Amino acid sequence: MPKLKLITFGCQANELDSERITGLLLREGYTLTEREEDADLILLNTCAIREKAEHKVYSRLGTFQVLKRQRAGLKIGICGCVAQQEGQALLKRFPYLDFVVGPGQLTAIAPLLQAGTARGLATARAPGYSYPVDAPVQRQNSIRAWVSIMEGCDRFCTFCVVPFTRGRERSRPPEEIVEEIRGLKRQGYREVTLLGQTVNSYGRKLTPPISFVELLRRIDHLVDGHMRVRFTSPHPSDVTDELAAALAELPSLCEQIHLPVQSGSDRILHRMKRGHDRDEYLEKVALLRAKAPEIAITTDIIVGFPGETEEDFQATLDLMQEVGYDGAFIFKYSPRPHTEAEEMPDQLSEEVRGRRLEQALVLMNRLSLERNRAYLGRTVEVLVNREDAKGDSVRHSGRTRQNKIVHFSGEGVEDGSVVSVAITWASALYLQGEMVCL
Ligand code: SAH
Ligand code: SF4
Ligand code: F3S
């Protein structure tokens, strides 16, 4: 049986795509291997979000040239966002590459492989999309599952490649999503994360339209306390009273939100075309906290966007403190092809961007630690999942409803069970404690 080595970069959408690609290729008779040297097919599922992510792909691809010479019949393919962004150019630049497939064309991989020796390309000009409904998904984790509810993005923030690599926003029909989750529940999954680039704008373009909160209600009803439900990433402008109420009221819905802000300066937010200003964002945070006081809030931040002054940057630091984030992914701005911001004249030096990143990271570390220390002495509900252990076999690990990682000691703990843990220690990244019997 031919062997597949699949290497994944990028966000949860890509990880889920990799699980779908694996499912599709296992169906074609492939088996998985960890070792590139043993593989008959090496596939790179790629990310283009920042320059560094794209370079990682090229340097990895470069290492396969020798393998390709050594192993007759070895096929090398590239899929994901770099595939969509670069298309044909990749086949020219890497003569040993066999095929290039965009994220909307996963079902094209098997036919390309069967096509024999010809080199192939399956990326759409305007990235199209066919969701392989009947395709099996080979999931990595047996407790938590990702479910894509929408793909693509219509927002065109001026720094972002996603609308170019993943195309326009398309929502899956609610019945299809509910059916998939019904299957996951039957298989014993304990948590589902609904995925979309602007996940809370779900359903508007469907006929008949359906709101994101209505979908959440249907899912909550279906899982009936057997599964936790999360979603990522929502857009601040589409955080409604209804959504805040749902976070407080739906028992399955976890008290956690990843709410990207990008900048704390109105001037920069405007140049980013984010569609919200600082006050609107803070209002949304206040609304969420008013309804769901236990909510953990995390975010994405870009420092060093073109034209960002020290004052603008300070406004971002201020906003971080004002919100008191539980966590944040902080990135140095990276100019991307096709985007408006790439053309802006006032690009900042690497040095300035680097310094601001360091400064923001130091602040974030302090804020996370503060938030996590608030759990000391409290007892929290932990969904046990070995995956959170990161190689530590002595203790058990899992996550709270706020999505905080907890390492703890205790007897007779099973993967996928929900246990109570008294928190005794906190760092910026995780909590530690002891299991208690209530
Ligand atoms: N759909 C999500 C974000 C997807 S990209 C949303 O709109 O919130 C994940 C994060 O990468 C973004 O939130 C942003 O902080 C960061 N990012 C995107 N493009 C970037 C760029 N050109 N340079 C640096 N960071 C970027
Ligand atoms: Fe990119 Fe903005 Fe769309 Fe998020 S909302 S995927 S940052 S364009
Ligand atoms: Fe990267 Fe594409 Fe996700 S660019 S962040 S893999 S949508």
# chains A, B, ... in the order shown; residues from 1 in each chain; ligands from 1
$ residues_near_ligand --ligand "ligand 3" --cutoff "6 Å" --atoms "only C-alpha atoms and all ligand atoms" --output "short mmCIF file (atom, residue, chain, number, x, y, z; two decimals) with N, CA and C atoms, in the first residue's frame"
data_model
loop_
_atom_site.label_atom_id
_atom_site.label_comp_id
_atom_site.auth_asym_id
_atom_site.auth_seq_id
_atom_site.Cartn_x
_atom_site.Cartn_y
_atom_site.Cartn_z
N GLY A 10 -0.12 26.27 9.56
CA GLY A 10 -1.28 27.18 9.54
C GLY A 10 -2.32 26.96 10.60
N CYS A 11 -3.51 27.47 10.33
CA CYS A 11 -4.56 27.59 11.34
C CYS A 11 -5.41 26.33 11.46
N ALA A 13 -8.30 25.80 10.37
CA ALA A 13 -8.96 25.46 9.09
C ALA A 13 -8.05 24.52 8.30
N ASN A 14 -6.75 24.78 8.35
CA ASN A 14 -5.81 23.92 7.64
C ASN A 14 -5.66 22.56 8.31
N CYS A 47 0.46 27.47 4.64
CA CYS A 47 -0.13 28.71 5.15
C CYS A 47 0.61 29.91 4.57
N ALA A 48 -0.15 30.95 4.22
CA ALA A 48 0.44 32.14 3.60
C ALA A 48 0.23 33.39 4.43
N ILE A 49 -0.19 33.23 5.67
CA ILE A 49 -0.68 34.38 6.43
C ILE A 49 0.41 35.43 6.66
N CYS A 81 -3.03 27.29 1.44
CA CYS A 81 -3.12 28.70 1.05
C CYS A 81 -1.97 29.17 0.16
N VAL A 162 -6.29 36.02 3.46
CA VAL A 162 -7.30 34.95 3.51
C VAL A 162 -8.40 35.07 2.43
#
$ residues_near_ligand --ligand "ligand 2" --cutoff "10 Å" --atoms "only C-alpha atoms and all ligand atoms" --output "mmCIF file with C-alpha atoms, in the first residue's frame"
data_model
loop_
_atom_site.group_PDB
_atom_site.id
_atom_site.type_symbol
_atom_site.label_atom_id
_atom_site.label_comp_id
_atom_site.auth_asym_id
_atom_site.auth_seq_id
_atom_site.Cartn_x
_atom_site.Cartn_y
_atom_site.Cartn_z
ATOM 1 C CA ILE A 49 -0.678 34.383 6.429
ATOM 2 C CA GLU A 151 -15.332 28.983 4.591
ATOM 3 C CA GLY A 152 -13.709 32.071 3.147
ATOM 4 C CA CYS A 153 -14.081 35.717 4.091
ATOM 5 C CA ASP A 154 -15.697 38.821 2.607
ATOM 6 C CA ARG A 155 -14.039 41.408 4.806
ATOM 7 C CA PHE A 156 -10.758 42.132 3.033
ATOM 8 C CA CYS A 157 -8.875 43.614 5.969
ATOM 9 C CA THR A 158 -6.036 45.460 4.267
ATOM 10 C CA PHE A 159 -3.282 43.228 5.718
ATOM 11 C CA CYS A 160 -4.840 39.832 5.084
ATOM 12 C CA VAL A 161 -4.430 37.168 2.375
ATOM 13 C CA VAL A 162 -7.300 34.955 3.505
ATOM 14 C CA PRO A 163 -9.975 36.350 1.141
ATOM 15 C CA PHE A 164 -7.521 35.678 -1.714
ATOM 16 C CA THR A 165 -6.535 32.176 -0.661
ATOM 17 C CA ARG A 166 -9.854 30.920 0.688
ATOM 18 C CA GLY A 167 -12.278 32.941 -1.414
ATOM 19 C CA ARG A 168 -15.588 34.543 -0.554
ATOM 20 C CA GLU A 169 -17.658 33.631 2.460
ATOM 21 C CA GLY A 196 -15.023 29.969 10.233
ATOM 22 C CA GLN A 197 -12.933 33.047 9.394
ATOM 23 C CA THR A 198 -15.740 35.283 10.632
ATOM 24 C CA VAL A 199 -17.695 32.503 12.232
ATOM 25 C CA SER A 233 -12.988 33.230 15.222
ATOM 26 C CA PRO A 234 -15.828 35.692 15.614
ATOM 27 C CA HIS A 235 -15.638 39.221 14.228
ATOM 28 C CA PRO A 236 -16.245 41.980 16.819
ATOM 29 C CA PRO A 260 -9.365 39.487 17.368
ATOM 30 C CA VAL A 261 -8.846 43.219 17.807
ATOM 31 C CA GLN A 262 -5.615 43.746 15.770
ATOM 32 C CA MET A 272 -6.777 48.133 8.398
ATOM 33 C CA LYS A 273 -10.437 48.419 7.276
ATOM 34 C CA ARG A 274 -11.426 46.312 10.224
ATOM 35 C CA GLY A 275 -14.965 47.665 10.271
ATOM 36 C CA ASP A 300 -5.032 38.571 17.909
ATOM 37 C CA THR A 339 -3.199 43.125 -0.096
#
$ residues_around --residues "range 181-183 of chain A" --least-positions-apart "6" --cutoff "10 Å" --atoms "only C-alpha atoms" --output "short mmCIF file (atom, residue, chain, number, x, y, z; two decimals) with C-alpha atoms, in the first residue's frame"
data_model
loop_
_atom_site.label_atom_id
_atom_site.label_comp_id
_atom_site.auth_asym_id
_atom_site.auth_seq_id
_atom_site.Cartn_x
_atom_site.Cartn_y
_atom_site.Cartn_z
CA ALA A 145 -13.33 17.76 16.89
CA TRP A 146 -13.33 20.69 14.50
CA VAL A 147 -16.34 21.33 12.33
CA GLU A 175 -28.81 20.50 8.47
CA TYR A 189 -16.54 13.07 20.98
CA GLU A 191 -16.16 18.77 22.40
CA VAL A 192 -16.73 20.48 19.08
CA LEU A 194 -17.12 25.44 15.03
CA ILE A 219 -26.45 22.38 18.25
CA LEU A 222 -28.66 18.23 19.91
CA VAL A 223 -25.64 17.71 22.15
CA MET A 227 -20.49 17.82 24.49
#
$ atom_distance --atom1 "CA of Ile302 in chain A" --atom2 "CA of Val406 in chain A"
28.1 Å
$ select_by_dssp --residues "range 15-212 of chain A" --states "strand (DSSP E)" --output "short mmCIF file (atom, residue, chain, number, x, y, z; two decimals) with N, CA and C atoms, in the first residue's frame"
data_model
loop_
_atom_site.label_atom_id
_atom_site.label_comp_id
_atom_site.auth_asym_id
_atom_site.auth_seq_id
_atom_site.Cartn_x
_atom_site.Cartn_y
_atom_site.Cartn_z
N THR A 31 -1.69 4.54 3.33
CA THR A 31 -1.53 4.45 4.78
C THR A 31 -0.64 5.62 5.19
N LEU A 32 -0.64 5.93 6.49
CA LEU A 32 0.14 7.09 6.94
C LEU A 32 1.52 6.68 7.41
N LEU A 41 4.13 9.45 -1.16
CA LEU A 41 3.54 10.75 -1.44
C LEU A 41 3.82 11.67 -0.25
N ILE A 42 4.44 12.81 -0.53
CA ILE A 42 4.62 13.82 0.52
C ILE A 42 3.74 15.01 0.16
N LEU A 43 2.88 15.38 1.11
CA LEU A 43 1.98 16.50 0.88
C LEU A 43 2.24 17.59 1.91
N LEU A 44 2.38 18.82 1.44
CA LEU A 44 2.54 19.95 2.34
C LEU A 44 1.26 20.76 2.30
N ASN A 45 0.59 20.87 3.44
CA ASN A 45 -0.61 21.70 3.52
C ASN A 45 -0.17 23.04 4.11
N THR A 46 -0.24 24.10 3.32
CA THR A 46 0.55 25.29 3.61
C THR A 46 -0.27 26.51 4.05
N LYS A 75 5.98 11.03 -5.11
CA LYS A 75 5.23 12.21 -5.57
C LYS A 75 5.23 13.26 -4.47
N ILE A 76 5.36 14.51 -4.91
CA ILE A 76 5.32 15.61 -3.95
C ILE A 76 4.25 16.61 -4.37
N GLY A 77 3.36 16.90 -3.43
CA GLY A 77 2.27 17.83 -3.74
C GLY A 77 2.19 18.93 -2.71
N ILE A 78 1.68 20.06 -3.14
CA ILE A 78 1.50 21.17 -2.21
C ILE A 78 0.04 21.62 -2.27
N CYS A 79 -0.55 21.76 -1.09
CA CYS A 79 -1.93 22.23 -1.06
C CYS A 79 -2.04 23.37 -0.05
N GLY A 80 -3.23 23.86 0.19
CA GLY A 80 -3.42 24.93 1.16
C GLY A 80 -3.24 26.31 0.56
N PHE A 99 2.29 18.27 -8.02
CA PHE A 99 1.01 18.96 -8.20
C PHE A 99 0.76 20.02 -7.14
N VAL A 100 -0.14 20.93 -7.48
CA VAL A 100 -0.48 22.08 -6.64
C VAL A 100 -2.01 22.14 -6.55
N VAL A 101 -2.53 22.12 -5.32
CA VAL A 101 -3.98 22.06 -5.15
C VAL A 101 -4.44 23.08 -4.10
N GLY A 120 0.32 18.38 -12.22
CA GLY A 120 -1.04 18.90 -12.18
C GLY A 120 -1.22 20.16 -11.35
N LEU A 121 -2.28 20.87 -11.70
CA LEU A 121 -2.63 22.10 -11.00
C LEU A 121 -4.13 22.11 -10.80
N ALA A 122 -4.57 22.33 -9.58
CA ALA A 122 -6.00 22.48 -9.33
C ALA A 122 -6.22 23.61 -8.34
N ARG A 144 -11.84 15.91 21.02
CA ARG A 144 -12.26 17.21 20.47
C ARG A 144 -12.25 17.16 18.96
N ALA A 145 -13.27 17.76 18.36
CA ALA A 145 -13.33 17.76 16.89
C ALA A 145 -13.59 19.17 16.37
N TRP A 146 -13.04 19.43 15.18
CA TRP A 146 -13.33 20.69 14.50
C TRP A 146 -14.40 20.45 13.47
N VAL A 147 -15.32 21.41 13.37
CA VAL A 147 -16.34 21.33 12.33
C VAL A 147 -16.39 22.68 11.62
N SER A 148 -16.12 22.64 10.32
CA SER A 148 -16.17 23.88 9.55
C SER A 148 -17.63 24.22 9.29
N MET A 150 -18.38 27.49 8.00
CA MET A 150 -18.30 28.40 6.85
C MET A 150 -16.85 28.50 6.39
N GLU A 151 -16.68 28.86 5.14
CA GLU A 151 -15.33 28.98 4.59
C GLU A 151 -15.20 30.36 3.96
N ARG A 170 -18.72 31.47 2.39
CA ARG A 170 -19.75 30.48 2.03
C ARG A 170 -20.12 29.68 3.28
N SER A 171 -21.40 29.65 3.61
CA SER A 171 -21.85 28.91 4.80
C SER A 171 -22.37 27.54 4.40
N GLU A 191 -16.24 17.33 22.64
CA GLU A 191 -16.16 18.77 22.40
C GLU A 191 -16.11 19.04 20.90
N VAL A 192 -16.78 20.10 20.49
CA VAL A 192 -16.73 20.48 19.08
C VAL A 192 -16.41 21.97 19.00
N THR A 193 -15.51 22.33 18.08
CA THR A 193 -15.22 23.74 17.82
C THR A 193 -15.67 24.09 16.40
N LEU A 194 -16.59 25.02 16.33
CA LEU A 194 -17.12 25.44 15.03
C LEU A 194 -16.13 26.42 14.41
N LEU A 195 -15.76 26.17 13.17
CA LEU A 195 -14.73 26.99 12.54
C LEU A 195 -15.28 27.85 11.41
#
$ residues_around --residues "Ala248 in chain A" --least-positions-apart "5" --cutoff "10 Å" --atoms "only C-alpha atoms" --output "PyMOL selection string"
chain A and resi 242-243+253-255+288-295
$ write_last_selection --atoms "N, CA, C and O atoms" --output "tab-separated table (two decimals), in the first residue's frame"
chain	number	residue	atom	x	y	z
A	242	GLU	N	-27.71	39.02	21.35
A	242	GLU	CA	-28.18	37.64	21.26
A	242	GLU	C	-27.03	36.64	21.49
A	242	GLU	O	-27.19	35.66	22.21
A	243	LEU	N	-25.88	36.94	20.89
A	243	LEU	CA	-24.73	36.03	21.03
A	243	LEU	C	-24.22	36.06	22.48
A	243	LEU	O	-23.92	35.00	23.07
A	253	LEU	N	-22.39	25.72	25.54
A	253	LEU	CA	-21.50	26.74	24.99
A	253	LEU	C	-20.53	27.23	26.06
A	253	LEU	O	-20.95	27.74	27.11
A	254	CYS	N	-19.23	27.08	25.79
A	254	CYS	CA	-18.22	27.40	26.80
A	254	CYS	C	-18.02	28.90	26.96
A	254	CYS	O	-18.16	29.66	25.99
A	255	GLU	N	-17.64	29.30	28.18
A	255	GLU	CA	-17.48	30.72	28.49
A	255	GLU	C	-16.11	31.18	28.01
A	255	GLU	O	-15.18	31.41	28.80
A	288	LEU	N	-20.28	41.29	26.59
A	288	LEU	CA	-20.00	39.87	26.86
A	288	LEU	C	-19.82	39.64	28.35
A	288	LEU	O	-20.34	38.68	28.93
A	289	ARG	N	-19.07	40.55	28.99
A	289	ARG	CA	-18.79	40.36	30.42
A	289	ARG	C	-20.03	40.58	31.28
A	289	ARG	O	-20.19	39.95	32.32
A	290	ALA	N	-20.90	41.49	30.80
A	290	ALA	CA	-22.13	41.74	31.56
A	290	ALA	C	-23.00	40.48	31.57
A	290	ALA	O	-23.57	40.12	32.59
A	291	LYS	N	-23.07	39.82	30.43
A	291	LYS	CA	-23.93	38.63	30.35
A	291	LYS	C	-23.23	37.39	30.90
A	291	LYS	O	-23.87	36.54	31.51
A	292	ALA	N	-21.95	37.26	30.63
A	292	ALA	CA	-21.21	36.06	31.02
A	292	ALA	C	-19.94	36.45	31.77
A	292	ALA	O	-18.85	36.46	31.20
A	293	PRO	N	-20.08	36.79	33.04
A	293	PRO	CA	-18.93	37.33	33.81
A	293	PRO	C	-17.72	36.39	33.85
A	293	PRO	O	-16.60	36.85	34.02
A	294	GLU	N	-17.95	35.10	33.69
A	294	GLU	CA	-16.84	34.13	33.78
A	294	GLU	C	-16.05	34.01	32.48
A	294	GLU	O	-15.11	33.23	32.39
A	295	ILE	N	-16.46	34.76	31.47
A	295	ILE	CA	-15.89	34.53	30.14
A	295	ILE	C	-14.39	34.85	30.09
A	295	ILE	O	-13.92	35.81	30.71
$ select_by_dssp --residues "range 209-311 of chain A" --states "alpha helix (DSSP H)" --output "VMD selection string"
chain A and resid 212 to 223 241 to 249 266 to 271 278 to 291 310 to 311
$ residues_around --residues "His258 in chain A" --least-positions-apart "2" --cutoff "6 Å" --atoms "only C-alpha atoms" --output "PDB file with all heavy atoms, in the first residue's frame"
ATOM      1  N   ILE A 297     -11.377  35.965  27.625  1.00  0.00           N
ATOM      2  CA  ILE A 297     -11.279  36.643  26.333  1.00  0.00           C
ATOM      3  C   ILE A 297      -9.829  36.645  25.854  1.00  0.00           C
ATOM      4  O   ILE A 297      -8.923  37.072  26.571  1.00  0.00           O
ATOM      5  CB  ILE A 297     -11.812  38.099  26.422  1.00  0.00           C
ATOM      6  CG1 ILE A 297     -13.255  38.091  26.959  1.00  0.00           C
ATOM      7  CG2 ILE A 297     -11.742  38.790  25.059  1.00  0.00           C
ATOM      8  CD1 ILE A 297     -13.884  39.469  27.098  1.00  0.00           C
ATOM      9  N   THR A 298      -9.622  36.143  24.647  1.00  0.00           N
ATOM     10  CA  THR A 298      -8.296  36.171  24.027  1.00  0.00           C
ATOM     11  C   THR A 298      -8.406  36.936  22.712  1.00  0.00           C
ATOM     12  O   THR A 298      -9.505  37.242  22.258  1.00  0.00           O
ATOM     13  CB  THR A 298      -7.774  34.745  23.772  1.00  0.00           C
ATOM     14  OG1 THR A 298      -8.755  34.037  23.006  1.00  0.00           O
ATOM     15  CG2 THR A 298      -7.517  33.994  25.066  1.00  0.00           C
ATOM     16  N   THR A 299      -7.260  37.240  22.112  1.00  0.00           N
ATOM     17  CA  THR A 299      -7.308  38.077  20.909  1.00  0.00           C
ATOM     18  C   THR A 299      -6.109  37.853  19.997  1.00  0.00           C
ATOM     19  O   THR A 299      -5.174  37.119  20.344  1.00  0.00           O
ATOM     20  CB  THR A 299      -7.392  39.573  21.315  1.00  0.00           C
ATOM     21  OG1 THR A 299      -7.862  40.334  20.205  1.00  0.00           O
ATOM     22  CG2 THR A 299      -6.051  40.113  21.776  1.00  0.00           C
TER      23      THR A 299
END
$ closest_residue --among "A:Ser142, A:Ser237, A:Thr33, A:Thr107" --to "ligand 1" --atoms "only C-alpha atoms and all ligand atoms"
A:Ser237
$ residues_around --residues "Arg27 in chain A" --least-positions-apart "5" --cutoff "9 Å" --atoms "only C-alpha atoms" --output "MDAnalysis selection string"
chainID A and resid 22 135:136
$ residues_around --residues "Glu414 in chain A" --least-positions-apart "2" --cutoff "12 Å" --atoms "only C-alpha atoms" --output "PyMOL selection string"
chain A and resi 143+382-386+396-398+410-412+416-419
$ write_last_selection --atoms "all heavy atoms" --output "mmCIF file, in the first residue's frame"
data_model
loop_
_atom_site.group_PDB
_atom_site.id
_atom_site.type_symbol
_atom_site.label_atom_id
_atom_site.label_comp_id
_atom_site.auth_asym_id
_atom_site.auth_seq_id
_atom_site.Cartn_x
_atom_site.Cartn_y
_atom_site.Cartn_z
ATOM 1 N N ILE A 143 -11.280 13.191 21.290
ATOM 2 C CA ILE A 143 -12.147 13.857 22.268
ATOM 3 C C ILE A 143 -12.720 15.154 21.700
ATOM 4 O O ILE A 143 -13.891 15.457 21.859
ATOM 5 C CB ILE A 143 -11.344 14.211 23.561
ATOM 6 C CG1 ILE A 143 -10.575 12.996 24.088
ATOM 7 C CG2 ILE A 143 -12.242 14.834 24.620
ATOM 8 C CD1 ILE A 143 -11.433 11.866 24.569
ATOM 9 N N VAL A 382 -12.800 20.273 34.439
ATOM 10 C CA VAL A 382 -11.781 20.002 33.413
ATOM 11 C C VAL A 382 -12.202 18.821 32.533
ATOM 12 O O VAL A 382 -12.544 17.751 33.044
ATOM 13 C CB VAL A 382 -10.417 19.696 34.075
ATOM 14 C CG1 VAL A 382 -9.373 19.286 33.044
ATOM 15 C CG2 VAL A 382 -9.928 20.901 34.861
ATOM 16 N N LEU A 383 -12.183 19.049 31.223
ATOM 17 C CA LEU A 383 -12.387 17.943 30.280
ATOM 18 C C LEU A 383 -11.016 17.335 30.008
ATOM 19 O O LEU A 383 -10.135 17.986 29.446
ATOM 20 C CB LEU A 383 -13.030 18.455 28.981
ATOM 21 C CG LEU A 383 -13.127 17.450 27.829
ATOM 22 C CD1 LEU A 383 -13.950 16.222 28.199
ATOM 23 C CD2 LEU A 383 -13.740 18.119 26.582
ATOM 24 N N VAL A 384 -10.844 16.088 30.433
ATOM 25 C CA VAL A 384 -9.531 15.452 30.371
ATOM 26 C C VAL A 384 -9.196 15.075 28.921
ATOM 27 O O VAL A 384 -10.010 14.487 28.218
ATOM 28 C CB VAL A 384 -9.513 14.167 31.236
ATOM 29 C CG1 VAL A 384 -8.133 13.516 31.207
ATOM 30 C CG2 VAL A 384 -9.926 14.495 32.660
ATOM 31 N N ASN A 385 -8.006 15.477 28.500
ATOM 32 C CA ASN A 385 -7.558 15.139 27.158
ATOM 33 C C ASN A 385 -6.037 14.992 27.145
ATOM 34 O O ASN A 385 -5.324 15.959 27.397
ATOM 35 C CB ASN A 385 -8.006 16.220 26.164
ATOM 36 C CG ASN A 385 -7.904 15.785 24.712
ATOM 37 O OD1 ASN A 385 -8.050 16.586 23.808
ATOM 38 N ND2 ASN A 385 -7.645 14.525 24.472
ATOM 39 N N ARG A 386 -5.608 13.773 26.831
ATOM 40 C CA ARG A 386 -4.172 13.481 26.815
ATOM 41 C C ARG A 386 -3.389 14.451 25.939
ATOM 42 O O ARG A 386 -2.248 14.775 26.220
ATOM 43 C CB ARG A 386 -3.951 12.075 26.261
ATOM 44 C CG ARG A 386 -3.887 11.045 27.344
ATOM 45 C CD ARG A 386 -3.563 9.684 26.765
ATOM 46 N NE ARG A 386 -4.483 8.713 27.323
ATOM 47 C CZ ARG A 386 -5.367 8.030 26.638
ATOM 48 N NH1 ARG A 386 -5.454 8.170 25.336
ATOM 49 N NH2 ARG A 386 -6.182 7.196 27.226
ATOM 50 N N HIS A 396 -2.148 14.254 34.742
ATOM 51 C CA HIS A 396 -3.209 14.302 33.746
ATOM 52 C C HIS A 396 -3.355 15.740 33.263
ATOM 53 O O HIS A 396 -2.917 16.667 33.937
ATOM 54 C CB HIS A 396 -4.533 13.840 34.354
ATOM 55 C CG HIS A 396 -4.442 12.479 34.939
ATOM 56 N ND1 HIS A 396 -4.346 11.349 34.157
ATOM 57 C CD2 HIS A 396 -4.418 12.068 36.227
ATOM 58 C CE1 HIS A 396 -4.268 10.300 34.948
ATOM 59 N NE2 HIS A 396 -4.303 10.702 36.208
ATOM 60 N N SER A 397 -4.018 15.890 32.130
ATOM 61 C CA SER A 397 -4.188 17.228 31.590
ATOM 62 C C SER A 397 -5.547 17.371 30.936
ATOM 63 O O SER A 397 -6.187 16.389 30.572
ATOM 64 C CB SER A 397 -3.111 17.517 30.543
ATOM 65 O OG SER A 397 -1.840 17.346 31.109
ATOM 66 N N GLY A 398 -5.958 18.601 30.801
ATOM 67 C CA GLY A 398 -7.227 18.866 30.141
ATOM 68 C C GLY A 398 -7.470 20.360 30.096
ATOM 69 O O GLY A 398 -6.549 21.150 30.333
ATOM 70 N N GLY A 410 -4.188 12.879 40.172
ATOM 71 C CA GLY A 410 -5.431 12.239 40.608
ATOM 72 C C GLY A 410 -5.448 10.790 40.158
ATOM 73 O O GLY A 410 -4.703 10.417 39.253
ATOM 74 N N GLU A 411 -6.313 10.010 40.780
ATOM 75 C CA GLU A 411 -6.375 8.564 40.479
ATOM 76 C C GLU A 411 -7.528 8.246 39.537
ATOM 77 O O GLU A 411 -8.568 8.902 39.596
ATOM 78 C CB GLU A 411 -6.597 7.781 41.777
ATOM 79 C CG GLU A 411 -5.495 7.937 42.812
ATOM 80 C CD GLU A 411 -4.231 7.190 42.425
ATOM 81 O OE1 GLU A 411 -4.336 6.010 42.072
ATOM 82 O OE2 GLU A 411 -3.146 7.809 42.457
ATOM 83 N N GLY A 412 -7.346 7.207 38.727
ATOM 84 C CA GLY A 412 -8.431 6.649 37.922
ATOM 85 C C GLY A 412 -9.089 7.643 36.974
ATOM 86 O O GLY A 412 -10.311 7.674 36.852
ATOM 87 N N GLY A 416 -11.325 11.968 28.223
ATOM 88 C CA GLY A 416 -12.689 12.310 27.811
ATOM 89 C C GLY A 416 -13.657 12.499 28.973
ATOM 90 O O GLY A 416 -14.798 12.884 28.758
ATOM 91 N N SER A 417 -13.195 12.235 30.195
ATOM 92 C CA SER A 417 -14.102 12.445 31.330
ATOM 93 C C SER A 417 -13.998 13.899 31.806
ATOM 94 O O SER A 417 -13.032 14.596 31.501
ATOM 95 C CB SER A 417 -13.773 11.481 32.473
ATOM 96 O OG SER A 417 -12.463 11.719 32.932
ATOM 97 N N VAL A 418 -15.017 14.331 32.544
ATOM 98 C CA VAL A 418 -14.987 15.688 33.101
ATOM 99 C C VAL A 418 -14.777 15.560 34.606
ATOM 100 O O VAL A 418 -15.522 14.838 35.283
ATOM 101 C CB VAL A 418 -16.303 16.435 32.797
ATOM 102 C CG1 VAL A 418 -16.329 17.794 33.501
ATOM 103 C CG2 VAL A 418 -16.464 16.630 31.290
ATOM 104 N N VAL A 419 -13.739 16.207 35.110
ATOM 105 C CA VAL A 419 -13.422 16.087 36.536
ATOM 106 C C VAL A 419 -13.300 17.475 37.169
ATOM 107 O O VAL A 419 -13.148 18.475 36.466
ATOM 108 C CB VAL A 419 -12.087 15.317 36.760
ATOM 109 C CG1 VAL A 419 -12.173 13.903 36.205
ATOM 110 C CG2 VAL A 419 -10.913 16.059 36.135
#
$ atom_distance --atom1 "atom 1 (N, counted along the ligand's line) of ligand 1" --atom2 "CA of Tyr430 in chain A"
24.9 Å
$ closest_residue --among "A:Pro345, A:Gly203, A:Pro335, A:Gly354" --to "ligand 1" --atoms "only C-alpha atoms and all ligand atoms"
A:Pro335
$ decode --residues "range 301-308 of chain A" --atoms "N, CA, C and O atoms" --output "mmCIF file, in the first residue's frame"
data_model
loop_
_atom_site.group_PDB
_atom_site.id
_atom_site.type_symbol
_atom_site.label_atom_id
_atom_site.label_comp_id
_atom_site.auth_asym_id
_atom_site.auth_seq_id
_atom_site.Cartn_x
_atom_site.Cartn_y
_atom_site.Cartn_z
ATOM 1 N N ILE A 301 -3.364 40.311 17.789
ATOM 2 C CA ILE A 301 -2.887 41.695 17.679
ATOM 3 C C ILE A 301 -1.777 41.763 16.640
ATOM 4 O O ILE A 301 -0.917 40.879 16.573
ATOM 5 N N ILE A 302 -1.817 42.798 15.820
ATOM 6 C CA ILE A 302 -0.716 43.051 14.882
ATOM 7 C C ILE A 302 -0.005 44.315 15.329
ATOM 8 O O ILE A 302 -0.655 45.345 15.528
ATOM 9 N N VAL A 303 1.317 44.229 15.512
ATOM 10 C CA VAL A 303 2.083 45.445 15.817
ATOM 11 C C VAL A 303 2.908 45.826 14.592
ATOM 12 O O VAL A 303 3.289 44.970 13.793
ATOM 13 N N GLY A 304 3.146 47.126 14.457
ATOM 14 C CA GLY A 304 3.988 47.597 13.360
ATOM 15 C C GLY A 304 3.296 47.637 12.019
ATOM 16 O O GLY A 304 3.944 47.538 10.972
ATOM 17 N N PHE A 305 1.972 47.800 12.020
ATOM 18 C CA PHE A 305 1.252 48.002 10.758
ATOM 19 C C PHE A 305 1.779 49.288 10.117
ATOM 20 O O PHE A 305 2.202 50.209 10.827
ATOM 21 N N PRO A 306 1.784 49.374 8.766
ATOM 22 C CA PRO A 306 2.306 50.588 8.120
ATOM 23 C C PRO A 306 1.722 51.865 8.725
ATOM 24 O O PRO A 306 0.515 51.971 8.915
ATOM 25 N N GLY A 307 2.601 52.807 9.051
ATOM 26 C CA GLY A 307 2.158 54.099 9.584
ATOM 27 C C GLY A 307 1.868 54.095 11.066
ATOM 28 O O GLY A 307 1.477 55.125 11.615
ATOM 29 N N GLU A 308 2.058 52.964 11.747
ATOM 30 C CA GLU A 308 1.775 52.923 13.196
ATOM 31 C C GLU A 308 2.803 53.775 13.944
ATOM 32 O O GLU A 308 4.003 53.494 13.883
#
